[in-house]
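What follows is a short report on a single structure.
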Amino acid sequence: MNENNLWLERWENREIGFNQVTENAFMVKYFNHLNLRNENRVLVPLCGKTIDVSWLLAEGYGVTGIELSETAVIELFDDLGVVPNVSEVGELTLYRADKLHVFVGDIFKVSSEMLGSIDAIYDRAALVALTIGVRVEYTAHLRELTNNAPQLLLCFEYDQSLMNRTPYSVEESEVKKHYEEHYELELLTREEITGGFKGKLPACDVAWLLK
Ligand SMILES: C[S@@+](CC[C@H](N)C(=O)[O-])C[C@H]1O[C@@H](n2cnc3c(N)ncnc32)[C@H](O)[C@@H]1O
């Protein structure tokens, strides 16, 4: 089964432990480091149905999401209590309501023309959700889609030999490999996760600012 089908199956089987019940604390703490104006548009790649979208909208930003699972996108709009307008754009479906636009489909089928202007990227559980080969393509695609828009990137770091599945460990050396040539990288924080990752594996939460 390819990666995309695995994600669709996870949504179907409700294996969505990655979905947060409260806004991401690093997003709330560090988002202002992007120095945006509040009418700016933020891309949330691989957005799932994250509650972080609600926080970004409340801060006044326009938000564009991209998500493979239509179930996730329907639930995202339901949770926000808004009724989307649904249309076809290329091979994808676009759900829109006010300042929120969400493309349903594979991010690799989204072009910069379809997306329009993006002022910043918020990557939480997106880069780390992908296998290494796909991560190389994803980071290049994201840069091209957004013309190297500044980015708040949240990663996990742990010993990959102890668990080889999503969310993957994305260490500093890898972040640099993907982005160092194109951005100024600032390590905002690296914090040990209390009790370890999934309650057993020593791990850190890491936040990067890419400008
Ligand atoms: C770990 S989840 C994170 C979701 C969200 N960022 C969050 O913080 O809750 C990864 C999401 O990426 C979506 N996804 C995986 N591959 C994708 C692709 N190629 N294009 C679009 N979405 C994808 C999955 O369906 C899943 O909802």
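Residue names in the structure tokens use chain letters A, B, ... in the order shown, residue numbers from 1 in each chain, and ligand numbers from 1 in the order shown.
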Against ligand 1, which residues of chain A fall within 7 Å? For each one I want the closest pair of atoms and the distance in Å (one decimal), counting only C-alpha atoms and all ligand atoms, rows by chain and increasing residue number, as CSV.
residue,atom,partner,partner_atom_place_in_ligand_line,distance
A:Glu3,CA,ligand 1,16 (N),6.9
A:Asn4,CA,ligand 1,16 (N),5.5
A:Trp7,CA,ligand 1,25 (O),4.7
A:Leu8,CA,ligand 1,25 (O),6.0
A:Trp11,CA,ligand 1,25 (O),7.0
A:Phe18,CA,ligand 1,1 (C),5.4
A:Asn19,CA,ligand 1,9 (O),4.2
A:Gln20,CA,ligand 1,9 (O),6.1
A:Pro45,CA,ligand 1,6 (N),6.8
A:Leu46,CA,ligand 1,12 (O),3.9
A:Cys47,CA,ligand 1,6 (N),4.0
A:Gly48,CA,ligand 1,27 (O),3.7
A:Lys49,CA,ligand 1,9 (O),6.0
A:Thr50,CA,ligand 1,9 (O),4.4
A:Ile66,CA,ligand 1,21 (C),5.6
A:Glu67,CA,ligand 1,22 (N),3.8
A:Leu68,CA,ligand 1,22 (N),3.9
A:Ser69,CA,ligand 1,25 (O),5.1
A:Ala72,CA,ligand 1,27 (O),6.8
A:Gly105,CA,ligand 1,21 (C),5.6
A:Asp106,CA,ligand 1,20 (N),3.5
A:Ile107,CA,ligand 1,20 (N),3.9
A:Phe108,CA,ligand 1,19 (N),6.3
A:Asp123,CA,ligand 1,6 (N),6.8
A:Arg124,CA,ligand 1,8 (O),4.9
A:Ala125,CA,ligand 1,3 (C),4.5
A:Ala126,CA,ligand 1,6 (N),5.3
A:Ala129,CA,ligand 1,1 (C),5.0
A:Leu130,CA,ligand 1,16 (N),6.9
A:Pro167,CA,ligand 1,1 (C),6.7
Test item: residues at most 10 Å from Val86 (chain A), only C-alpha atoms, excluding those fewer than 2 positions along its chain, as a PyMOL selection string: chain A and resi 83-84+88-89+93-97+101-103
What's around Thr139 (chain A) at 7 Å? Count only C-alpha atoms, leave out sequence neighbours fewer than 4 positions away in its own chain, and write the answer as an MDAnalysis selection string. chainID A and resid 135 143 178
Neighbours of region 185-200 of chain A within 10 Å (only C-alpha atoms; same-chain residues fewer than 2 positions away dropped), as a CSV table (one decimal) with C-alpha atoms, in the first residue's frame?
chain,number,residue,atom,x,y,z
A,26,PHE,CA,5.1,26.2,20.5
A,30,TYR,CA,6.7,31.4,18.8
A,33,HIS,CA,8.7,35.4,15.5
A,150,PRO,CA,9.3,32.0,6.2
A,151,GLN,CA,8.4,29.1,8.2
A,152,LEU,CA,7.8,27.9,11.8
A,153,LEU,CA,8.8,24.2,11.7
A,154,LEU,CA,8.1,21.8,14.6
A,155,CYS,CA,10.0,18.5,14.7
A,156,PHE,CA,10.7,15.6,16.9
A,157,GLU,CA,14.1,14.2,17.6
A,158,TYR,CA,14.7,10.7,19.0
A,172,GLU,CA,19.2,19.3,13.0
A,175,VAL,CA,16.7,20.3,8.7
A,176,LYS,CA,19.9,22.0,7.5
A,179,TYR,CA,16.7,24.3,4.1
A,180,GLU,CA,20.1,25.8,5.0
A,181,GLU,CA,20.8,26.9,1.4
A,182,HIS,CA,17.6,28.8,1.2
A,183,TYR,CA,16.9,30.1,4.7
A,202,PRO,CA,13.5,9.5,25.1
A,203,ALA,CA,12.7,12.3,22.7
A,204,CYS,CA,12.7,16.1,22.2
A,205,ASP,CA,10.3,18.6,20.8
A,206,VAL,CA,12.1,21.1,18.6
A,207,ALA,CA,11.0,24.4,17.0
A,208,TRP,CA,12.8,26.0,14.1
A,209,LEU,CA,12.4,29.4,12.6
A,210,LEU,CA,13.2,29.6,8.9
A,211,LYS,CA,13.6,33.1,7.5
Sel. of strand (DSSP E or B) residues, chain A, as JSON, numbers by chain: {"A": [41, 42, 43, 44, 45, 62, 63, 64, 65, 66, 67, 85, 86, 87, 88, 89, 92, 93, 94, 95, 96, 97, 100, 101, 102, 103, 104, 120, 121, 122, 123, 124, 151, 152, 153, 154, 155, 156, 157, 158, 185, 186, 187, 188, 189, 190, 191, 192, 197, 201, 203, 204, 205, 206, 207, 208, 209, 210]}
What is the distance between CA of Ala25 (chain A) and CA of Val128 (chain A), in Å to one decimal? 17.6 Å
Neighbours of Thr146 (chain A) within 9 Å (only C-alpha atoms; same-chain residues fewer than 5 positions away dropped), as a ChimeraX atom specification? /A:43,112,115-121,141
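One distance worth recording is that between CA of Leu36 (chain A) and CA of Tyr61 (chain A), which is 8.7 Å.
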As a list in words, list the residues of region 7-39 of chain A assigned to alpha helix (DSSP H) by DSSP on the backbone atoms of this structure.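 Assigned to alpha helix (DSSP H), within region 7-39 of chain A: Trp7, Leu8, Glu9, Arg10, Trp11, Glu12, Ala25, Phe26, Met27, Val28, Lys29 and Tyr30 of chain A.
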At most 10 Å is the cut-off: for each residue in region 67-102 of chain A with any atom that close to an atom of region 55-59 of chain A, write down the nearest atom pair and the distance in Å rounded to one decimal, counting only C-alpha atoms, chain first then increasing number, as a Markdown table.
| residue | atom | partner | partner_atom | distance |
| --- | --- | --- | --- | --- |
| A:Asp98 | CA | A:Leu57 | CA | 9.9 |
| A:Lys99 | CA | A:Leu57 | CA | 7.4 |
| A:Leu100 | CA | A:Leu57 | CA | 7.7 |
